[in-house]
Amino acid sequence: AGWRTASVIAQWPRGCQEPWLLVTDQSACAGRWQQYARRMWIEESFRDEKSQGFQWQSSRVNDPRRAERLLLIMAIALLLLISLGTWLIKRGLRRRYDPRRFRRLSLFQLGITAWHDLLTNAPFHWPPIIYLCPS
């Protein structure tokens with residue numbers, strides 16, 4: 001209901017196809033866009049663990065010891081699914097599961113989609129190693 005002070009940041013990092021255009025209530029400093037990039041990665045991770053992935057909010061686990069075990073299993077599954085998503089990208093298979101012009105699926109979502117396909121159709125052989133090198 002009132003005016004706020006804001007800063008506008010425009011940055012076009014090397015390797016990015018488009019510039020970053022940010023409006024923030026924080027000061028506009030040289031590394032501010034990197035903080036937002038890290039924040040977006042963290043928020044995608046929360047989304048993967050909750051509504052777009054494991055449905056953690058629906059678990060109804062109240063016992064802390066059981067929650068610890070469940071979180072450990074989720075962390076291992078998250079690692080394996082991110083590994084599978086990374087492997088698909090390195091093999092040039094991303095379009096099979098994310099055919100849109102702009103990327104919509106995170107590495108985790110790509111991995112879980114491929115995992116479901118692997119269990120139902122077995123279209124490829126997943127490597128028996130953890131593959132986490134995206135570059």
# chains A, B, ... in the order shown; residues from 1 in each chain; ligands from 1
$ residues_around --residues "A:Leu78" --least-positions-apart "3" --cutoff "10 Å" --atoms "only C-alpha atoms" --output "MDAnalysis selection string"
chainID A and resid 45 48:49 53:54 72:75 81:84 107:109 111:112
$ write_last_selection --atoms "all heavy atoms" --output "tab-separated table (two decimals), in the first residue's frame"
chain	number	residue	atom	x	y	z
A	45	SER	N	15.50	-26.78	-5.11
A	45	SER	CA	15.73	-27.98	-4.30
A	45	SER	C	14.57	-28.22	-3.35
A	45	SER	O	14.11	-29.35	-3.19
A	45	SER	CB	17.03	-27.86	-3.51
A	45	SER	OG	18.13	-27.80	-4.37
A	48	ASP	N	11.73	-29.57	-5.28
A	48	ASP	CA	11.94	-30.98	-5.63
A	48	ASP	C	11.64	-31.89	-4.44
A	48	ASP	O	11.10	-32.98	-4.61
A	48	ASP	CB	13.38	-31.21	-6.09
A	48	ASP	CG	13.66	-30.59	-7.45
A	48	ASP	OD1	12.68	-30.28	-8.17
A	48	ASP	OD2	14.84	-30.42	-7.78
A	49	GLU	N	11.99	-31.46	-3.24
A	49	GLU	CA	11.76	-32.29	-2.06
A	49	GLU	C	10.30	-32.28	-1.63
A	49	GLU	O	9.85	-33.19	-0.95
A	49	GLU	CB	12.65	-31.83	-0.91
A	49	GLU	CG	14.12	-32.09	-1.18
A	49	GLU	CD	15.03	-31.40	-0.20
A	49	GLU	OE1	14.53	-30.77	0.76
A	49	GLU	OE2	16.24	-31.48	-0.39
A	53	GLY	N	8.25	-33.45	-6.07
A	53	GLY	CA	9.06	-34.66	-5.99
A	53	GLY	C	8.59	-35.64	-4.95
A	53	GLY	O	7.66	-36.40	-5.18
A	54	PHE	N	9.21	-35.62	-3.79
A	54	PHE	CA	8.98	-36.63	-2.77
A	54	PHE	C	7.73	-36.41	-1.91
A	54	PHE	O	7.39	-37.26	-1.11
A	54	PHE	CB	10.20	-36.74	-1.85
A	54	PHE	CG	11.43	-37.24	-2.53
A	54	PHE	CD1	12.62	-36.54	-2.43
A	54	PHE	CD2	11.41	-38.40	-3.27
A	54	PHE	CE1	13.77	-37.01	-3.05
A	54	PHE	CE2	12.55	-38.88	-3.89
A	54	PHE	CZ	13.72	-38.17	-3.78
A	72	LEU	N	17.33	-39.42	5.29
A	72	LEU	CA	18.53	-40.07	4.75
A	72	LEU	C	18.20	-40.80	3.44
A	72	LEU	O	18.92	-40.67	2.45
A	72	LEU	CB	19.12	-41.04	5.76
A	72	LEU	CG	20.32	-41.86	5.27
A	72	LEU	CD1	21.49	-40.94	4.92
A	72	LEU	CD2	20.73	-42.90	6.31
A	73	ILE	N	17.10	-41.53	3.44
A	73	ILE	CA	16.68	-42.24	2.21
A	73	ILE	C	16.38	-41.23	1.10
A	73	ILE	O	16.77	-41.43	-0.05
A	73	ILE	CB	15.46	-43.13	2.51
A	73	ILE	CG1	15.90	-44.28	3.41
A	73	ILE	CG2	14.83	-43.65	1.23
A	73	ILE	CD1	14.75	-45.06	4.02
A	74	MET	N	15.71	-40.12	1.46
A	74	MET	CA	15.40	-39.09	0.45
A	74	MET	C	16.68	-38.47	-0.10
A	74	MET	O	16.77	-38.20	-1.30
A	74	MET	CB	14.51	-38.00	1.06
A	74	MET	CG	13.07	-38.42	1.20
A	74	MET	SD	12.04	-37.21	2.08
A	74	MET	CE	12.43	-35.68	1.27
A	75	ALA	N	17.68	-38.25	0.76
A	75	ALA	CA	18.94	-37.66	0.31
A	75	ALA	C	19.66	-38.59	-0.67
A	75	ALA	O	20.20	-38.15	-1.69
A	75	ALA	CB	19.84	-37.34	1.50
A	81	LEU	N	18.91	-39.60	-8.37
A	81	LEU	CA	18.08	-39.03	-9.43
A	81	LEU	C	18.76	-37.84	-10.10
A	81	LEU	O	18.65	-37.67	-11.32
A	81	LEU	CB	16.71	-38.66	-8.88
A	81	LEU	CG	15.86	-39.88	-8.48
A	81	LEU	CD1	14.64	-39.45	-7.70
A	81	LEU	CD2	15.49	-40.72	-9.69
A	82	ILE	N	19.47	-37.04	-9.34
A	82	ILE	CA	20.25	-35.94	-9.94
A	82	ILE	C	21.36	-36.52	-10.82
A	82	ILE	O	21.65	-36.02	-11.90
A	82	ILE	CB	20.82	-35.00	-8.86
A	82	ILE	CG1	19.68	-34.18	-8.24
A	82	ILE	CG2	21.89	-34.08	-9.42
A	82	ILE	CD1	20.09	-33.36	-7.05
A	83	SER	N	21.96	-37.61	-10.34
A	83	SER	CA	22.99	-38.29	-11.14
A	83	SER	C	22.41	-38.78	-12.46
A	83	SER	O	23.02	-38.61	-13.52
A	83	SER	CB	23.56	-39.46	-10.33
A	83	SER	OG	24.46	-40.21	-11.11
A	84	LEU	N	21.23	-39.37	-12.42
A	84	LEU	CA	20.59	-39.85	-13.63
A	84	LEU	C	20.25	-38.69	-14.57
A	84	LEU	O	20.49	-38.77	-15.78
A	84	LEU	CB	19.32	-40.64	-13.29
A	84	LEU	CG	18.48	-41.16	-14.46
A	84	LEU	CD1	19.32	-42.02	-15.40
A	84	LEU	CD2	17.28	-41.92	-13.94
A	107	LEU	N	17.34	-31.04	-12.75
A	107	LEU	CA	18.05	-32.32	-12.89
A	107	LEU	C	17.30	-33.42	-12.15
A	107	LEU	O	17.17	-34.54	-12.64
A	107	LEU	CB	19.47	-32.20	-12.34
A	107	LEU	CG	20.46	-31.42	-13.19
A	107	LEU	CD1	21.78	-31.25	-12.44
A	107	LEU	CD2	20.69	-32.10	-14.51
A	108	PHE	N	16.79	-33.09	-10.96
A	108	PHE	CA	16.03	-34.05	-10.19
A	108	PHE	C	14.76	-34.48	-10.93
A	108	PHE	O	14.47	-35.67	-11.04
A	108	PHE	CB	15.66	-33.46	-8.82
A	108	PHE	CG	14.65	-34.27	-8.07
A	108	PHE	CD1	15.04	-35.39	-7.36
A	108	PHE	CD2	13.31	-33.93	-8.09
A	108	PHE	CE1	14.11	-36.15	-6.67
A	108	PHE	CE2	12.37	-34.68	-7.40
A	108	PHE	CZ	12.78	-35.79	-6.70
A	109	GLN	N	13.99	-33.52	-11.43
A	109	GLN	CA	12.75	-33.84	-12.13
A	109	GLN	C	13.03	-34.63	-13.40
A	109	GLN	O	12.27	-35.54	-13.76
A	109	GLN	CB	11.97	-32.57	-12.44
A	109	GLN	CG	11.46	-31.89	-11.21
A	109	GLN	CD	10.97	-30.48	-11.50
A	109	GLN	OE1	11.29	-29.89	-12.52
A	109	GLN	NE2	10.18	-29.95	-10.59
A	111	GLY	N	15.58	-36.64	-13.77
A	111	GLY	CA	15.94	-37.97	-13.30
A	111	GLY	C	14.73	-38.79	-12.87
A	111	GLY	O	14.63	-39.97	-13.18
A	112	ILE	N	13.80	-38.16	-12.15
A	112	ILE	CA	12.63	-38.92	-11.68
A	112	ILE	C	11.71	-39.30	-12.84
A	112	ILE	O	11.13	-40.38	-12.86
A	112	ILE	CB	11.88	-38.16	-10.56
A	112	ILE	CG1	11.11	-39.14	-9.69
A	112	ILE	CG2	10.95	-37.11	-11.10
A	112	ILE	CD1	10.62	-38.58	-8.38
$ select_by_dssp --residues "stretch 13-101 of chain A" --states "alpha helix (DSSP H)" --output "number ranges by chain"
A: 32-49, 64-90, 94-97
$ residues_around --residues "A:Asp98" --least-positions-apart "6" --cutoff "10 Å" --atoms "only C-alpha atoms" --output "ChimeraX atom specification"
/A:104-106,109-110,113
$ residues_around --residues "A:Leu21" --least-positions-apart "4" --cutoff "12 Å" --atoms "only C-alpha atoms" --output "list in words"
Ser7, Val8, Ile9, Ala10, Gln11, Trp12, Pro13, Ala28, Arg32, Trp33, Tyr36 and Ala37 of chain A
$ write_last_selection --atoms "N, CA and C atoms" --output "PDB file, in the first residue's frame"
ATOM      1  N   SER A   7      16.234  -1.490  -5.922  1.00  0.00           N
ATOM      2  CA  SER A   7      17.362  -1.385  -6.845  1.00  0.00           C
ATOM      3  C   SER A   7      17.101  -2.293  -8.038  1.00  0.00           C
ATOM      4  N   VAL A   8      17.574  -1.885  -9.191  1.00  0.00           N
ATOM      5  CA  VAL A   8      17.461  -2.696 -10.403  1.00  0.00           C
ATOM      6  C   VAL A   8      18.862  -3.138 -10.793  1.00  0.00           C
ATOM      7  N   ILE A   9      18.998  -4.430 -11.039  1.00  0.00           N
ATOM      8  CA  ILE A   9      20.300  -4.993 -11.408  1.00  0.00           C
ATOM      9  C   ILE A   9      20.155  -5.660 -12.768  1.00  0.00           C
ATOM     10  N   ALA A  10      21.034  -5.331 -13.683  1.00  0.00           N
ATOM     11  CA  ALA A  10      21.083  -5.988 -14.993  1.00  0.00           C
ATOM     12  C   ALA A  10      22.469  -6.616 -15.137  1.00  0.00           C
ATOM     13  N   GLN A  11      22.491  -7.894 -15.429  1.00  0.00           N
ATOM     14  CA  GLN A  11      23.764  -8.615 -15.551  1.00  0.00           C
ATOM     15  C   GLN A  11      23.621  -9.647 -16.650  1.00  0.00           C
ATOM     16  N   TRP A  12      24.609  -9.765 -17.495  1.00  0.00           N
ATOM     17  CA  TRP A  12      24.601 -10.799 -18.525  1.00  0.00           C
ATOM     18  C   TRP A  12      25.868 -11.627 -18.354  1.00  0.00           C
ATOM     19  N   PRO A  13      25.817 -12.644 -17.496  1.00  0.00           N
ATOM     20  CA  PRO A  13      27.008 -13.454 -17.244  1.00  0.00           C
ATOM     21  C   PRO A  13      27.424 -14.248 -18.473  1.00  0.00           C
ATOM     22  N   ALA A  28      22.324  -2.647  -4.637  1.00  0.00           N
ATOM     23  CA  ALA A  28      22.800  -3.198  -5.913  1.00  0.00           C
ATOM     24  C   ALA A  28      24.320  -3.237  -5.876  1.00  0.00           C
ATOM     25  N   ARG A  32      25.410  -9.308  -6.279  1.00  0.00           N
ATOM     26  CA  ARG A  32      24.023  -9.539  -5.864  1.00  0.00           C
ATOM     27  C   ARG A  32      23.325 -10.584  -6.740  1.00  0.00           C
ATOM     28  N   TRP A  33      23.568 -10.562  -8.045  1.00  0.00           N
ATOM     29  CA  TRP A  33      22.916 -11.526  -8.937  1.00  0.00           C
ATOM     30  C   TRP A  33      23.346 -12.946  -8.606  1.00  0.00           C
ATOM     31  N   TYR A  36      21.218 -14.232  -5.840  1.00  0.00           N
ATOM     32  CA  TYR A  36      19.902 -14.627  -6.350  1.00  0.00           C
ATOM     33  C   TYR A  36      19.985 -15.953  -7.114  1.00  0.00           C
ATOM     34  N   ALA A  37      21.062 -16.179  -7.847  1.00  0.00           N
ATOM     35  CA  ALA A  37      21.233 -17.443  -8.569  1.00  0.00           C
ATOM     36  C   ALA A  37      21.305 -18.600  -7.573  1.00  0.00           C
TER      37      ALA A  37
END
$ select_by_dssp --residues "chain A" --states "strand (DSSP E or B)" --output "ChimeraX atom specification"
/A:7-11,20-24
$ write_last_selection --atoms "N, CA, C and O atoms" --output "PDB file, in the first residue's frame"
ATOM      1  N   SER A   7      16.234  -1.490  -5.922  1.00  0.00           N
ATOM      2  CA  SER A   7      17.362  -1.385  -6.845  1.00  0.00           C
ATOM      3  C   SER A   7      17.101  -2.293  -8.038  1.00  0.00           C
ATOM      4  O   SER A   7      16.486  -3.351  -7.899  1.00  0.00           O
ATOM      5  N   VAL A   8      17.574  -1.885  -9.191  1.00  0.00           N
ATOM      6  CA  VAL A   8      17.461  -2.696 -10.403  1.00  0.00           C
ATOM      7  C   VAL A   8      18.862  -3.138 -10.793  1.00  0.00           C
ATOM      8  O   VAL A   8      19.784  -2.330 -10.845  1.00  0.00           O
ATOM      9  N   ILE A   9      18.998  -4.430 -11.039  1.00  0.00           N
ATOM     10  CA  ILE A   9      20.300  -4.993 -11.408  1.00  0.00           C
ATOM     11  C   ILE A   9      20.155  -5.660 -12.768  1.00  0.00           C
ATOM     12  O   ILE A   9      19.252  -6.469 -12.976  1.00  0.00           O
ATOM     13  N   ALA A  10      21.034  -5.331 -13.683  1.00  0.00           N
ATOM     14  CA  ALA A  10      21.083  -5.988 -14.993  1.00  0.00           C
ATOM     15  C   ALA A  10      22.469  -6.616 -15.137  1.00  0.00           C
ATOM     16  O   ALA A  10      23.474  -5.942 -14.969  1.00  0.00           O
ATOM     17  N   GLN A  11      22.491  -7.894 -15.429  1.00  0.00           N
ATOM     18  CA  GLN A  11      23.764  -8.615 -15.551  1.00  0.00           C
ATOM     19  C   GLN A  11      23.621  -9.647 -16.650  1.00  0.00           C
ATOM     20  O   GLN A  11      22.611 -10.332 -16.733  1.00  0.00           O
ATOM     21  N   TRP A  20      20.266 -11.333 -16.835  1.00  0.00           N
ATOM     22  CA  TRP A  20      19.510 -11.349 -15.588  1.00  0.00           C
ATOM     23  C   TRP A  20      19.013  -9.929 -15.352  1.00  0.00           C
ATOM     24  O   TRP A  20      19.800  -8.984 -15.354  1.00  0.00           O
ATOM     25  N   LEU A  21      17.744  -9.753 -15.123  1.00  0.00           N
ATOM     26  CA  LEU A  21      17.164  -8.465 -14.773  1.00  0.00           C
ATOM     27  C   LEU A  21      16.446  -8.647 -13.443  1.00  0.00           C
ATOM     28  O   LEU A  21      15.433  -9.332 -13.362  1.00  0.00           O
ATOM     29  N   LEU A  22      16.991  -8.044 -12.384  1.00  0.00           N
ATOM     30  CA  LEU A  22      16.477  -8.242 -11.040  1.00  0.00           C
ATOM     31  C   LEU A  22      16.021  -6.925 -10.429  1.00  0.00           C
ATOM     32  O   LEU A  22      16.650  -5.890 -10.627  1.00  0.00           O
ATOM     33  N   VAL A  23      14.952  -6.986  -9.683  1.00  0.00           N
ATOM     34  CA  VAL A  23      14.515  -5.871  -8.851  1.00  0.00           C
ATOM     35  C   VAL A  23      14.606  -6.376  -7.426  1.00  0.00           C
ATOM     36  O   VAL A  23      14.041  -7.413  -7.087  1.00  0.00           O
ATOM     37  N   THR A  24      15.329  -5.661  -6.582  1.00  0.00           N
ATOM     38  CA  THR A  24      15.570  -6.108  -5.213  1.00  0.00           C
ATOM     39  C   THR A  24      15.414  -4.955  -4.237  1.00  0.00           C
ATOM     40  O   THR A  24      15.623  -3.794  -4.598  1.00  0.00           O
TER      41      THR A  24
END
$ closest_residue --among "A:Ala114, A:Leu70, A:Ala6, A:Ala30" --to "A:Leu93" --atoms "only C-alpha atoms"
A:Ala114
